[in-house]
Amino acid sequence: MATFAKEDGGFSDPVDDGPPSYTENLIGTLLAIFGNVLVSIAVSIQKYGHVVQAGTNDQRAFYRTKTWWCGLLITLVGEGTIFASYAFAPISLIAPLSAVSVIASSILGFVFLREKWKAKEFLKRYILSFLGCALAAAGTYLFVTFGPNSHEKLNAENIIKHVIGWPFLLYLLLEIIAFCLLLYFYKQRNANYLIIILMLAALLGSVTVITVKAVAGMMVLSIQGSMQLGYPIFYVMLVCMVATVNFQARFLSQASCLYDSSLIASVNYILSTTFAIVSGTIFYLEFNHEDILHICMFLLGCFICCLGVFLITKNRKKAKAFEPYVTMDMVQGVPTIHDKGWAVQPDYNGSFSYGALVNNDSVAPATLPVSQEHVTVAPTPQKNSELKRD
């Protein structure tokens with residue numbers, strides 16, 4: 001039973017919309033969980049294909065292998081399932097479920113692990129991952145159980161009402177100002193901090209989830225018989241969705257070039273989830289009919305889930321910051337070929353070996369041959385008689 005407020009301050013009669021709402025929440029939750037698991041499986045398959053191709057010295061491009069195409073198809077199915085889940089459940093419930101992908105990736109990486117560890121090393125290495133998975137699962141249960149249960153038909157008229165409403169217009173204005181300031185510091189001041197790049201991506205992501213839910217909801221209504229594809233608002237939302245996804249992917253790509261992937265995964269999950277919940281609350285009014293207890297338990301579940309994701313990604317092995325080669329600027333009297341004195345040799349990628357040569361630290365270094373170009377030959381003294389003849 002739900003009670004809705006009238007415009008004059010009174011309340012309308014209770015409406016018995018509980019079971020359908022919970023059913024739609026369940027459908028959306030299951031679709032989101034299934035889609036995130038599929039995406040994790042697809043990433044693992046593509047990673048496995050790259051490893052096998054590198055181990056067999058296969059000269060083909062990665063996109064010509066069957067494993068890569070299989071992973072791509074599974075990714076498309078998973079993303080399509082997640083897209084459909086927004087039509088049934090609120091944004092505040094679907095957005096945090098991306099933690100399922102992190103949990104599934106951690107489990108798949110553990111299952112397909114080929115290294116052998118002793119018991120003490122195994123516990124030391126994976127205790128944080130196990131704890132993070134447990135916390136993420138507990139947090140997921142809490143925010144799914146106490147998540148918002150507000151539902152409305154996402155037709156063109158309702159979406160237009162939300163777009164021109166003053167809460168969303170105010171939120172959009174503040175978001176544009178914040179985005180422009182962050183972009184100014186990032187582009188003009190060269191502030192390549194991770195928090196700035198991911199904040200830009202999260203601000204775009206908050207608009208993405210709004211447009212995704214609108215497009216998915218209107219498509220579902222059109223499939224059910226109430227055609228919504230003829231309204232201009234559908235194409236406005238579609239264009240905004242494609243544009244924000246494109247620019248969001250660019251910022252994430254720039255962050256991946258500068259920082260560690262595990263740190264990006266944890267910080268991006270926290271920021272994107274927070275802004276998605278805020279945007280869903282403001283645009284779709286998802287928490288209007290929820291009591292304080294449900295809101296607090298939902299926020300507690302999100303916090304526990306974010307902590308679990310942080311612990312999972314924190315345990316990933318990082319590359320050692322070790323430079324085994326001598327840079328050109330370390331040699332006195334030798335002109336550098338780079339302004340900054342970068343290393344001439346290629347990166348060692350975590351193993352002290354060069355190209356196809358195997359690391360043999362125990363072998364004594366071989367003496368280098370002397371270059372003939374740098375050898376100065378002393379002139380042989382000639383006899384005075386020969387000089388006189390000349």
# chains A, B, ... in the order shown; residues from 1 in each chain; ligands from 1

$ residues_around --residues "region 140-143 of chain A" --least-positions-apart "4" --cutoff "10 Å" --atoms "only C-alpha atoms" --output "ChimeraX atom specification"
/A:92-94,96-100,134-136,147-148,294-306

$ write_last_selection --atoms "N, CA, C and O atoms" --output "tab-separated table (two decimals), in the first residue's frame"
chain	number	residue	atom	x	y	z
A	92	SER	N	19.04	4.24	-8.42
A	92	SER	CA	19.74	4.05	-7.15
A	92	SER	C	19.91	2.59	-6.79
A	92	SER	O	20.75	2.25	-5.95
A	93	LEU	N	19.13	1.72	-7.40
A	93	LEU	CA	19.26	0.30	-7.15
A	93	LEU	C	20.16	-0.39	-8.17
A	93	LEU	O	20.89	-1.34	-7.85
A	94	ILE	N	20.14	0.08	-9.41
A	94	ILE	CA	20.91	-0.58	-10.48
A	94	ILE	C	22.37	-0.14	-10.46
A	94	ILE	O	23.28	-0.95	-10.65
A	96	PRO	N	24.62	0.79	-8.06
A	96	PRO	CA	25.58	0.13	-7.17
A	96	PRO	C	25.82	-1.34	-7.50
A	96	PRO	O	26.80	-1.92	-7.01
A	97	LEU	N	24.96	-1.95	-8.30
A	97	LEU	CA	25.12	-3.36	-8.61
A	97	LEU	C	26.30	-3.63	-9.53
A	97	LEU	O	26.60	-4.80	-9.83
A	98	SER	N	26.98	-2.59	-10.00
A	98	SER	CA	28.21	-2.83	-10.75
A	98	SER	C	29.30	-3.46	-9.89
A	98	SER	O	30.29	-3.98	-10.41
A	99	ALA	N	29.10	-3.44	-8.56
A	99	ALA	CA	30.03	-4.15	-7.68
A	99	ALA	C	30.01	-5.65	-7.93
A	99	ALA	O	30.99	-6.35	-7.65
A	100	VAL	N	28.90	-6.17	-8.46
A	100	VAL	CA	28.83	-7.59	-8.80
A	100	VAL	C	29.89	-7.95	-9.83
A	100	VAL	O	30.48	-9.04	-9.80
A	134	ALA	N	33.23	-10.52	0.70
A	134	ALA	CA	32.20	-10.70	1.72
A	134	ALA	C	31.50	-9.37	2.03
A	134	ALA	O	30.26	-9.31	2.14
A	135	LEU	N	32.28	-8.30	2.17
A	135	LEU	CA	31.68	-6.99	2.44
A	135	LEU	C	30.84	-6.51	1.26
A	135	LEU	O	29.75	-5.95	1.45
A	136	ALA	N	31.34	-6.70	0.04
A	136	ALA	CA	30.58	-6.27	-1.13
A	136	ALA	C	29.27	-7.05	-1.25
A	136	ALA	O	28.23	-6.48	-1.60
A	147	GLY	N	16.41	-0.76	-0.86
A	147	GLY	CA	16.46	0.21	-1.94
A	147	GLY	C	15.12	0.86	-2.21
A	147	GLY	O	14.07	0.41	-1.73
A	148	PRO	N	15.10	1.94	-2.99
A	148	PRO	CA	13.84	2.62	-3.30
A	148	PRO	C	12.91	1.74	-4.11
A	148	PRO	O	13.35	0.90	-4.90
A	294	HIS	N	14.74	3.07	5.93
A	294	HIS	CA	15.12	2.47	4.66
A	294	HIS	C	16.24	3.25	3.99
A	294	HIS	O	17.16	2.66	3.41
A	295	ILE	N	16.19	4.58	4.08
A	295	ILE	CA	17.23	5.40	3.46
A	295	ILE	C	18.57	5.17	4.16
A	295	ILE	O	19.62	5.01	3.50
A	296	CYS	N	18.57	5.12	5.49
A	296	CYS	CA	19.81	4.91	6.23
A	296	CYS	C	20.40	3.52	5.96
A	296	CYS	O	21.62	3.37	5.78
A	297	MET	N	19.56	2.50	5.92
A	297	MET	CA	20.04	1.15	5.65
A	297	MET	C	20.55	1.04	4.21
A	297	MET	O	21.54	0.34	3.94
A	298	PHE	N	19.91	1.74	3.30
A	298	PHE	CA	20.38	1.75	1.91
A	298	PHE	C	21.76	2.40	1.81
A	298	PHE	O	22.67	1.85	1.16
A	299	LEU	N	21.94	3.54	2.47
A	299	LEU	CA	23.23	4.22	2.44
A	299	LEU	C	24.30	3.39	3.14
A	299	LEU	O	25.47	3.36	2.70
A	300	LEU	N	23.93	2.69	4.22
A	300	LEU	CA	24.89	1.81	4.89
A	300	LEU	C	25.33	0.68	3.97
A	300	LEU	O	26.52	0.33	3.92
A	301	GLY	N	24.37	0.11	3.24
A	301	GLY	CA	24.72	-0.95	2.30
A	301	GLY	C	25.65	-0.45	1.20
A	301	GLY	O	26.61	-1.14	0.82
A	302	CYS	N	25.41	0.75	0.69
A	302	CYS	CA	26.30	1.32	-0.33
A	302	CYS	C	27.70	1.57	0.21
A	302	CYS	O	28.70	1.31	-0.47
A	303	PHE	N	27.78	2.05	1.46
A	303	PHE	CA	29.09	2.29	2.07
A	303	PHE	C	29.86	1.00	2.25
A	303	PHE	O	31.06	0.91	1.94
A	304	ILE	N	29.19	-0.05	2.74
A	304	ILE	CA	29.86	-1.34	2.93
A	304	ILE	C	30.30	-1.91	1.59
A	304	ILE	O	31.39	-2.49	1.47
A	305	CYS	N	29.48	-1.74	0.56
A	305	CYS	CA	29.82	-2.24	-0.77
A	305	CYS	C	31.04	-1.50	-1.34
A	305	CYS	O	31.93	-2.12	-1.93
A	306	CYS	N	31.08	-0.18	-1.16
A	306	CYS	CA	32.24	0.59	-1.62
A	306	CYS	C	33.51	0.17	-0.89
A	306	CYS	O	34.58	0.07	-1.49

$ select_by_dssp --residues "region 126-214 of chain A" --states "alpha helix (DSSP H)" --output "MDAnalysis selection string"
chainID A and resid 126:145 156:163 166:187 194:214

$ atom_distance --atom1 "CA of Phe283 (chain A)" --atom2 "CA of Tyr171 (chain A)"
8.9 Å

$ closest_residue --among "A:Leu76, A:Val278, A:Ile127, A:Val236" --to "Leu311 (chain A)" --atoms "only C-alpha atoms"
A:Ile127

$ closest_residue --among "A:Ala89, A:Ala61, A:Val77, A:Ile195" --to "Tyr22 (chain A)" --atoms "only C-alpha atoms"
A:Ala89

$ residues_around --residues "Ile91 (chain A)" --least-positions-apart "6" --cutoff "8 Å" --atoms "only C-alpha atoms" --output "MDAnalysis selection string"
chainID A and resid 209:210 213 276:277 280

$ closest_atom_pairs --of "region 64-173 of chain A" --to "region 260-267 of chain A" --cutoff "12 Å" --atoms "only C-alpha atoms" --output "CSV"
residue,atom,partner,partner_atom,distance
A:Ser98,CA,A:Ala265,CA,10.8
A:Ala99,CA,A:Ser266,CA,9.7
A:Ser101,CA,A:Ala265,CA,10.9
A:Val102,CA,A:Ala265,CA,8.6
A:Ser105,CA,A:Ala265,CA,11.9
A:Ser106,CA,A:Ser262,CA,11.6
A:Gly132,CA,A:Ser266,CA,11.6
